[in-house]
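Read the structure below first, then the notes.
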Protein chains: 2
Amino acid sequence: MPNLDGRSLELQTAMADVATEVHAVLDRLVPDGGGETGEARLAAAMRYAVLGGGKRLRPFLVVESASLFKVAPMAALRVAAAIEMLHTYSLIHDDLPAMDDAELRRGRPTVHRMYDEATAILAGDALLTRAFEVLADPAVHGDPGVRIELVKELAQAAGIAGMCGGQMMDLQAETESLPLEIGAITRLQRLKTGAIIAFSCEAGAILGKAAPQLRHALNAYAHDLGLAFQIADDLLDIEGSAAETGKDTGKDSAANKATFVSILGVERARAQALLLADQACQHLDPFGAAADRLRDVARFVIERKS
Amino acid sequence: MPNLDGRSLELQTAMADVATEVHAVLDRLVPDGGGETGEARLAAAMRYAVLGGGKRLRPFLVVESASLFKVAPMAALRVAAAIEMLHTYSLIHDDLPAMDDAELRRGRPTVHRMYDEATAILAGDALLTRAFEVLADPAVHGDPGVRIELVKELAQAAGIAGMCGGQMMDLQAETESLPLEIGAITRLQRLKTGAIIAFSCEAGAILGKAAPQLRHALNAYAHDLGLAFQIADDLLDIEGSAAETGKDTGKDSAANKATFVSILGVERARAQALLLADQACQHLDPFGAAADRLRDVARFVIERKS
């Protein structure tokens with residue numbers, strides 16, 4: 001893993017640039033509804049959620065992995081926007097009173113507090129649906145085989161064997177106060193957050209019609225990255241403040257929720273995150289220096305403060 | 001429109017046959033999760049909802065429209081199953097306490113009452129996602145261009161310019177007690193239920209790579225059918241009983257909700273439904289006798305008791 005000291009600024013600049021670009025694409029792909037009808041309210045809630053900032057980590061992974069295969073930037077940005085819609089839908093629904101009952105997200109009131117619960121449920125539904133619509137558009141790729149592959153992979157990453165299944169495991173562990181051990185938490189996080197991070201990295205390979213072993217290398221990188229990301233998140237939940245993270249903190253420990261940190265302790269969790277980030281970088285060997293920025297991401301993920 | 005007396009039994013048998021077949025396909029495409037994990041609970045809730053019966057009208061429209069173009073039956077049944085997953089997701093979310101707060105659906109407790117709210121939200125999310133995954137599968141059609149067209153059309157019918165937008169309009173009209181007039185209700189219903197009914201009919205044409213004018217004819221049929229269906233639904237809400245319909249009745253009038261019936265009155269609403277069903281049948285002229293069963297459906301829709 002490269003030393004980030006000299007590269008940190010460059011990475012932050014690159015991430016900010018992609019965040020700006022994906023914001024502009026999302027702004028076009030989720031237009032406001034005009035007028036005073038129900039659709040206008042729904043569009044406003046969708047835009048409030050999806051244009052509300054955030055690190056845009058997943059879009060950055062799409063853009064960087066796509067650049068390894070010389071994919072047209074606008075194609076990568078559209079796929080990045082679709083993944084961000086999907087990610088935002090999952091945040092809206094996870095924040096609902098019936099789920100995590102969160103008050104803050106990205107430093108602002110959650111969608112159900114800003115609007116109401118019904119609007120939040122529908123805004124999530126509509127963003128999930130729009131993500132698939134965007135992937136189906138010929139602007140993403142001229143070859144329908146590429147577009148349908150993206151649809152299939154996104155659906156798998158988002159469904160019962162991905163994000164939905166992981167969230168259900170998480171809720172059930174919480175309501176039944178199940179004492180999860182490290183294997184179960186790893187599996188839960190692979191489903192809940194890992195699958196979409198993996199898809200973000202693989203999307204570039206799919207768009208670039210990459211050789212299978214390169215696609216697998218990106219998948220392996222993404223899986224280690226996703227777990228490192230989650231452990232860092234758990235550490236932030238213990239150590240961060242709401243002002244820094246822009247969301248409620250200390251909720252997991254208050255809820256006695258089993259996390260990597262509650263089981264491993266802070267020191268071992270931190271060491272494990274570092275190990276995973278290193279391992280993630282090793283999977284990028286086949287790409288040589290072209291993947292340096294993805295290597296930087298691995299360190300960023302475990303060093304971030306929000 | 002043909003006289004149904006002699007054909008009623010045949011239609012009912014045909015619909016029951018398709019319902020049985022689509023049930024079997026859904027049973028395979030939404031497998032149980034096994035074990036005691038969160039995924040198993042989620043899978044159980046999905047199966048409870050999607051295998052809980054219902055008229056399976058949309059699947060029947062897919063199968064019948066596909067048969068006009070000699071589409072392989074199993075391909076049509078897979079698309080039919082995907083549409084039924086989407087329809088079921090919309091029922092689960094519409095029934096939630098934050099939306100219509102319904103207690104009964106298809107004669108059984110709604111998903112959030114049988115399980116809990118969080119599980120119901122996730123079961124809906126996972127069914128919506130699974131619908132797209134099923135359409136992306138090569139078993140639907142060997143040509144990825146056909147599959148991506150199905151994905152695109154389903155996403156449009158389900159999103160903000162379709163089902164989600166219609167439901168939002170409906171909720172807003174209710175919470176703000178807006179006095180909708182007939183134009184607004186027609187638009188609302190075209191979005192909320194019409195778009196998916198139209199997609200069900202067009203899906204057969206897409207699978208069969210039909211000529212554009214035949215696809216448009218089916219679309220026009222479906223739009224009139226969808227409105228006739230909705231007016232009949234409103235009439236049932238006034239006149240039916242929970243025992244016959246399997247869901248809460250009288251809710252719309254209790255909520256002072258503007259419907260076709262509240263505006264037109266029972267007699268004019270019934271006449272309008274009959275007119276629309278006749279008009280729907282006329283759009284089927286290009287298909288000759290091959291479309292007789294779709295003509296029967298138009299009469300069934302306005303004569304049904306549940």
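Residue numbers start at 1 in each chain; chains themselves are named A, B, ... in the order of the structure tokens; ligands are numbered from 1 in the order shown.
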Quick one: which chain A residues come within 7 Å of chain B, and what is the nearest atom pair for each with the distance in Å to one decimal, counting only C-alpha atoms, rows ordered by chain and ascending number, as a Markdown table?
```
| residue | atom | partner | partner_atom | distance |
| --- | --- | --- | --- | --- |
| A:Thr37 | CA | B:Met169 | CA | 6.5 |
| A:Gly38 | CA | B:Met169 | CA | 4.0 |
| A:Glu39 | CA | B:Gly165 | CA | 5.1 |
| A:Leu42 | CA | B:Met168 | CA | 6.7 |
| A:Ala98 | CA | B:Ala118 | CA | 5.2 |
| A:Met99 | CA | B:Ala118 | CA | 5.6 |
| A:Glu117 | CA | B:Ala98 | CA | 5.9 |
| A:Ala118 | CA | B:Ala98 | CA | 5.2 |
| A:Leu122 | CA | B:Cys164 | CA | 6.2 |
| A:Ala126 | CA | B:Gly159 | CA | 5.1 |
| A:Thr129 | CA | B:Ala155 | CA | 5.6 |
| A:Arg130 | CA | B:Gly159 | CA | 6.4 |
| A:Phe132 | CA | B:Ala155 | CA | 6.5 |
| A:Glu133 | CA | B:Ala155 | CA | 5.3 |
| A:Ala136 | CA | B:Lys152 | CA | 5.5 |
| A:Pro144 | CA | B:Gly145 | CA | 5.2 |
| A:Gly145 | CA | B:Pro144 | CA | 5.2 |
| A:Ile148 | CA | B:Ile148 | CA | 5.7 |
| A:Val151 | CA | B:Ala136 | CA | 6.7 |
| A:Lys152 | CA | B:Glu133 | CA | 5.3 |
| A:Ala155 | CA | B:Glu133 | CA | 5.3 |
| A:Gln156 | CA | B:Glu133 | CA | 6.9 |
| A:Ala158 | CA | B:Thr129 | CA | 6.9 |
| A:Gly159 | CA | B:Ala126 | CA | 5.1 |
| A:Ile160 | CA | B:Ala126 | CA | 5.9 |
| A:Cys164 | CA | B:Ala126 | CA | 6.1 |
| A:Gly165 | CA | B:Glu39 | CA | 5.1 |
| A:Met168 | CA | B:Gly38 | CA | 5.0 |
| A:Met169 | CA | B:Gly38 | CA | 4.0 |
| A:Gln172 | CA | B:Gly38 | CA | 5.9 |
```
Review point. Tell me, which residues of stretch 95-299 of chain A carry DSSP helix (DSSP H, G or I), written as a ChimeraX atom specification?
Key: /A:111-114,117-136,144-158,163-175,182-207,212-239,242-245,251-254,260-264,266-282,285-299
**Study point:** Spatial neighbours of A:Ala75, max dist 8 Å, only C-alpha atoms, sep filter under 2 positions, as a VMD selection string
**Key:** chain A and resid 71 to 73 77 to 79 139 to 141
**Study point:** Those of stretch 36-220 of chain B in DSSP strand (DSSP E or B), formatted as a PyMOL selection string
**Key:** chain B and resi 104-105+108-109
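We find atom CA of B:Asp285 and atom CA of B:Lys192 to be spaced 27.1 Å apart.
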Practice item. May I have the residues within 8 Å of A:Arg56 as JSON, numbers by chain, using only C-alpha atoms and disregarding those fewer than 5 positions away in the same chain? Key: {"A": [15, 18, 19, 84]}
